[in-house]
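Engineer: Below: one structure in structure tokens.
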Amino acid sequence: MSGEIIFRDYRDTDLDAMFRLDETCFTEEFRFDRESMREFAEERDAIVRVAETADGEMVGFVIVHVERVAMGWRAYVVTLDVAAEWRQKGLGRRLMREAEACAVTAGVRWMQLHVFTGNAGAIRFYERLGYEQIRVQRRFYGAAGLDAFVYGKGLPGL
């Protein structure tokens, strides 16, 4: 496994690899179906950063939506996926930093995300990145009715 990672924007040819990676990253109650993944990635104001090895293997991606809210522009992390063999190597942090930088360039001052209340590893990860818990959102995760913490972080001004 080479340590060289290339970051790039989404291409429509990425959908199958993204869908397969999502299936390996998340259990059924947390993953997206193929059509939802396509819609999220191809949303007009989406920020999608893909991480791949030098030989073109996708090893991670992040999808962030940018939307206008009452107080300006907000970014929302739809999903962050990192292949198991690339976890604990800083790739998730690098993907989030990439997404945050793109969001700042788009004029965003605030970023939010949801984390399953039972996912201690993800909670620690986001808190280390400076995200703070705002509230609990009951029954956020679909049919399973699982709760999520809502996290947020102010982004540096332009």
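Identifiers in this document derive from the order of the structure tokens: chains are assigned A, B, ..., residues are numbered from 1 separately in each chain, and ligands are numbered from 1 in order of occurrence.
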Just want the 6 Å neighbourhood of range 74-86 of chain A, counted on only C-alpha atoms, with same-chain residues fewer than 4 positions away dropped. Output as a ChimeraX atom specification.

Structural biologist: /A:59-67,108,110-113

Engineer: Selection from above, N, CA, C and O atoms, as a CSV table (one decimal), in the first residue's frame, can you write it?

Structural biologist:
chain,number,residue,atom,x,y,z
A,59,VAL,N,-10.0,5.3,-2.2
A,59,VAL,CA,-9.9,4.8,-0.8
A,59,VAL,C,-10.6,5.7,0.1
A,59,VAL,O,-10.7,5.4,1.3
A,60,GLY,N,-11.3,6.7,-0.4
A,60,GLY,CA,-12.1,7.5,0.5
A,60,GLY,C,-12.8,8.6,-0.3
A,60,GLY,O,-12.4,8.9,-1.4
A,61,PHE,N,-13.8,9.2,0.3
A,61,PHE,CA,-14.5,10.4,-0.3
A,61,PHE,C,-15.3,11.0,0.8
A,61,PHE,O,-15.7,10.5,1.8
A,62,VAL,N,-15.7,12.3,0.6
A,62,VAL,CA,-16.5,13.1,1.4
A,62,VAL,C,-17.5,13.8,0.5
A,62,VAL,O,-17.1,14.3,-0.6
A,63,ILE,N,-18.8,13.8,0.9
A,63,ILE,CA,-19.8,14.6,0.2
A,63,ILE,C,-20.3,15.6,1.2
A,63,ILE,O,-20.7,15.3,2.3
A,64,VAL,N,-20.3,16.9,0.8
A,64,VAL,CA,-20.8,18.0,1.6
A,64,VAL,C,-21.8,18.8,0.8
A,64,VAL,O,-21.5,19.1,-0.4
A,65,HIS,N,-22.9,19.2,1.3
A,65,HIS,CA,-23.8,20.1,0.7
A,65,HIS,C,-23.7,21.5,1.2
A,65,HIS,O,-23.6,21.7,2.4
A,66,VAL,N,-23.7,22.5,0.4
A,66,VAL,CA,-23.7,23.9,0.7
A,66,VAL,C,-25.1,24.4,0.5
A,66,VAL,O,-25.7,24.3,-0.6
A,67,GLU,N,-25.6,25.1,1.5
A,67,GLU,CA,-26.9,25.7,1.4
A,67,GLU,C,-27.0,27.0,2.1
A,67,GLU,O,-26.3,27.3,3.0
A,108,VAL,N,-18.7,29.7,2.9
A,108,VAL,CA,-19.4,29.0,4.1
A,108,VAL,C,-18.6,29.4,5.4
A,108,VAL,O,-17.4,29.5,5.4
A,110,TRP,N,-20.0,28.0,8.5
A,110,TRP,CA,-20.5,27.0,9.5
A,110,TRP,C,-20.7,25.7,8.8
A,110,TRP,O,-21.2,25.6,7.7
A,111,MET,N,-20.2,24.6,9.5
A,111,MET,CA,-20.3,23.3,8.9
A,111,MET,C,-21.0,22.4,10.0
A,111,MET,O,-20.7,22.5,11.2
A,112,GLN,N,-21.9,21.6,9.6
A,112,GLN,CA,-22.6,20.7,10.5
A,112,GLN,C,-22.6,19.2,9.9
A,112,GLN,O,-22.3,19.0,8.8
A,113,LEU,N,-22.9,18.3,10.9
A,113,LEU,CA,-23.0,16.9,10.5
A,113,LEU,C,-23.7,16.2,11.6
A,113,LEU,O,-23.9,16.7,12.7

Engineer: Among range 26-127 of chain A, which ones does DSSP place in helix (DSSP H, G or I), written as a PyMOL selection string?

Structural biologist: chain A and resi 28-30+34-42+84-86+91-105+120-127

Engineer: Where does DSSP see strand (DSSP E) in chain A, if you list the residues as a VMD selection string?

Structural biologist: chain A and resid 5 to 9 46 to 53 58 to 69 72 to 82 110 to 116 132 to 141 146 to 154

Engineer: Rank A:Arg128, A:Ala51, A:Ile123, A:Ala70 by their smallest atom-to-atom distance to Leu95 in chain A, using only C-alpha atoms, and report the top residue only.

Structural biologist: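 Smallest distance to Leu95 in chain A is found for A:Ala51.
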
Engineer: Env of Glu28 in chain A: 12 Å cut, atoms = only C-alpha atoms, seq-sep filter 3 positions within chain, self excluded. Answer as a ChimeraX atom specification.

Structural biologist: /A:22-25,31-33,141-144

Engineer: May I have the residues from that selection written out with N, CA and C atoms, as an mmCIF file, in the first residue's frame?

Structural biologist:
data_model
loop_
_atom_site.group_PDB
_atom_site.id
_atom_site.type_symbol
_atom_site.label_atom_id
_atom_site.label_comp_id
_atom_site.auth_asym_id
_atom_site.auth_seq_id
_atom_site.Cartn_x
_atom_site.Cartn_y
_atom_site.Cartn_z
ATOM 1 N N ASP A 22 -19.118 2.700 0.220
ATOM 2 C CA ASP A 22 -20.127 2.982 1.246
ATOM 3 C C ASP A 22 -20.681 1.689 1.838
ATOM 4 N N GLU A 23 -20.867 0.680 0.980
ATOM 5 C CA GLU A 23 -21.361 -0.616 1.466
ATOM 6 C C GLU A 23 -20.386 -1.274 2.437
ATOM 7 N N THR A 24 -19.088 -1.079 2.225
ATOM 8 C CA THR A 24 -18.110 -1.682 3.127
ATOM 9 C C THR A 24 -17.877 -0.843 4.379
ATOM 10 N N CYS A 25 -18.171 0.454 4.302
ATOM 11 C CA CYS A 25 -17.916 1.347 5.436
ATOM 12 C C CYS A 25 -19.030 1.329 6.473
ATOM 13 N N ARG A 31 -26.096 3.211 5.536
ATOM 14 C CA ARG A 31 -25.582 3.410 4.175
ATOM 15 C C ARG A 31 -26.661 3.942 3.239
ATOM 16 N N PHE A 32 -26.201 4.426 2.109
ATOM 17 C CA PHE A 32 -27.089 4.990 1.091
ATOM 18 C C PHE A 32 -27.316 3.995 -0.038
ATOM 19 N N ASP A 33 -28.492 4.069 -0.653
ATOM 20 C CA ASP A 33 -28.697 3.287 -1.867
ATOM 21 C C ASP A 33 -28.022 4.030 -3.022
ATOM 22 N N TYR A 141 -31.777 8.212 12.073
ATOM 23 C CA TYR A 141 -31.367 7.202 11.108
ATOM 24 C C TYR A 141 -32.509 6.271 10.747
ATOM 25 N N GLY A 142 -33.281 6.708 9.771
ATOM 26 C CA GLY A 142 -34.287 5.926 9.057
ATOM 27 C C GLY A 142 -35.129 4.946 9.824
ATOM 28 N N ALA A 143 -35.364 3.816 9.182
ATOM 29 C CA ALA A 143 -36.270 2.795 9.701
ATOM 30 C C ALA A 143 -35.807 2.259 11.055
ATOM 31 N N ALA A 144 -34.489 2.277 11.285
ATOM 32 C CA ALA A 144 -33.974 1.779 12.564
ATOM 33 C C ALA A 144 -34.315 2.730 13.709
#

Engineer: Determine the nearest neighbour of Glu29 in chain A from the options A:Arg87, A:Gly154, A:Phe116, A:Arg124, counting only C-alpha atoms.

Structural biologist: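 When distances to Glu29 in chain A are compared using only C-alpha atoms, the smallest one comes from A:Phe116.
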
Engineer: Record the distance separating CA of Glu127 in chain A and CA of Ile6 in chain A, expressed in Å with one decimal.

Structural biologist: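 One can read the CA of Glu127 in chain A to CA of Ile6 in chain A distance as 25.4 Å.
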
Engineer: Could you name the residues that touch Asp55 in chain A at 10 Å or less, counting only C-alpha atoms, but leaving out those on the same chain fewer than 2 positions away, as a list in words?

Structural biologist: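 Contacts, in chain order: Ser2, Glu4, Ile5, Ile6, Glu52, Thr53, Glu57 and Met58 of chain A.
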
Engineer: May I have the residues from that selection written out with N, CA and C atoms, as an mmCIF file, in the first residue's frame?

Structural biologist:
data_model
loop_
_atom_site.group_PDB
_atom_site.id
_atom_site.type_symbol
_atom_site.label_atom_id
_atom_site.label_comp_id
_atom_site.auth_asym_id
_atom_site.auth_seq_id
_atom_site.Cartn_x
_atom_site.Cartn_y
_atom_site.Cartn_z
ATOM 1 N N SER A 2 0.883 1.966 -1.064
ATOM 2 C CA SER A 2 1.652 3.195 -1.189
ATOM 3 C C SER A 2 0.997 4.288 -0.369
ATOM 4 N N GLU A 4 1.031 7.474 -1.157
ATOM 5 C CA GLU A 4 0.659 8.626 -1.973
ATOM 6 C C GLU A 4 -0.834 8.622 -2.248
ATOM 7 N N ILE A 5 -1.479 9.720 -1.884
ATOM 8 C CA ILE A 5 -2.917 9.890 -2.107
ATOM 9 C C ILE A 5 -3.126 11.145 -2.941
ATOM 10 N N ILE A 6 -4.015 11.041 -3.887
ATOM 11 C CA ILE A 6 -4.385 12.155 -4.745
ATOM 12 C C ILE A 6 -5.818 12.543 -4.393
ATOM 13 N N GLU A 52 -7.798 8.989 -3.857
ATOM 14 C CA GLU A 52 -7.426 7.762 -4.552
ATOM 15 C C GLU A 52 -5.917 7.586 -4.519
ATOM 16 N N THR A 53 -5.525 6.332 -4.657
ATOM 17 C CA THR A 53 -4.102 6.014 -4.713
ATOM 18 C C THR A 53 -3.559 6.430 -6.074
ATOM 19 N N GLU A 57 -7.083 3.714 -7.359
ATOM 20 C CA GLU A 57 -8.035 3.034 -6.479
ATOM 21 C C GLU A 57 -8.649 4.043 -5.513
ATOM 22 N N MET A 58 -9.978 4.130 -5.493
ATOM 23 C CA MET A 58 -10.657 5.022 -4.570
ATOM 24 C C MET A 58 -10.549 4.452 -3.159
#

Engineer: Would you work out the distance separating CA of Lys89 in chain A from CA of Gly121 in chain A, expressed in Å to one decimal?

Structural biologist: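 Separating CA of Lys89 in chain A from CA of Gly121 in chain A is a distance of 14.0 Å.
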
Engineer: What gap, in Å, lies between CA of Ala17 in chain A and CA of Ala106 in chain A?

Structural biologist: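 Straight-line distance from CA of Ala17 in chain A to CA of Ala106 in chain A works out to 26.6 Å.
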
Engineer: Quick one: of A:Ala122, A:Val50, A:Val115, A:Val69, who's nearest to Tyr151 in chain A, counting only C-alpha atoms?

Structural biologist: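 Ranked by minimum distance to Tyr151 in chain A, first place goes to A:Val115.
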
Engineer: So that I can see what lies close to Arg135 in chain A, please list as a compact mmCIF listing (two decimals) with all heavy atoms, in the first residue's frame the residues with an atom at most 9 Å from it, counting only C-alpha atoms and leaving out residues fewer than 3 positions away in the same chain.

Structural biologist:
# COMPACT_ATOMS: atom_id res chain seq x y z
N ALA A 148 -29.06 10.54 16.67
CA ALA A 148 -27.80 11.12 16.21
C ALA A 148 -27.49 12.37 17.03
O ALA A 148 -28.40 13.08 17.47
CB ALA A 148 -27.89 11.50 14.74
N PHE A 149 -26.20 12.61 17.21
CA PHE A 149 -25.76 13.90 17.71
C PHE A 149 -25.59 14.81 16.51
O PHE A 149 -25.09 14.39 15.47
CB PHE A 149 -24.41 13.79 18.43
CG PHE A 149 -24.45 13.05 19.73
CD1 PHE A 149 -23.61 11.97 19.94
CD2 PHE A 149 -25.31 13.43 20.76
CE1 PHE A 149 -23.62 11.29 21.15
CE2 PHE A 149 -25.34 12.75 21.96
CZ PHE A 149 -24.49 11.68 22.16
N VAL A 150 -25.98 16.07 16.66
CA VAL A 150 -25.71 17.08 15.65
C VAL A 150 -24.45 17.83 16.14
O VAL A 150 -24.40 18.28 17.28
CB VAL A 150 -26.88 18.07 15.50
CG1 VAL A 150 -26.54 19.15 14.47
CG2 VAL A 150 -28.14 17.34 15.11
N TYR A 151 -23.46 17.88 15.27
CA TYR A 151 -22.21 18.57 15.56
C TYR A 151 -22.07 19.75 14.62
O TYR A 151 -22.54 19.72 13.48
CB TYR A 151 -21.01 17.64 15.37
CG TYR A 151 -20.70 16.81 16.59
CD1 TYR A 151 -21.40 15.65 16.87
CD2 TYR A 151 -19.71 17.21 17.47
CE1 TYR A 151 -21.11 14.90 18.00
CE2 TYR A 151 -19.41 16.46 18.60
CZ TYR A 151 -20.12 15.31 18.86
OH TYR A 151 -19.83 14.58 19.99

Engineer: Of the residues A:Trp73, A:Asp14, A:Lys153, A:Arg20, which is the one nearest to Ile134 in chain A, using only C-alpha atoms?

Structural biologist: A:Lys153
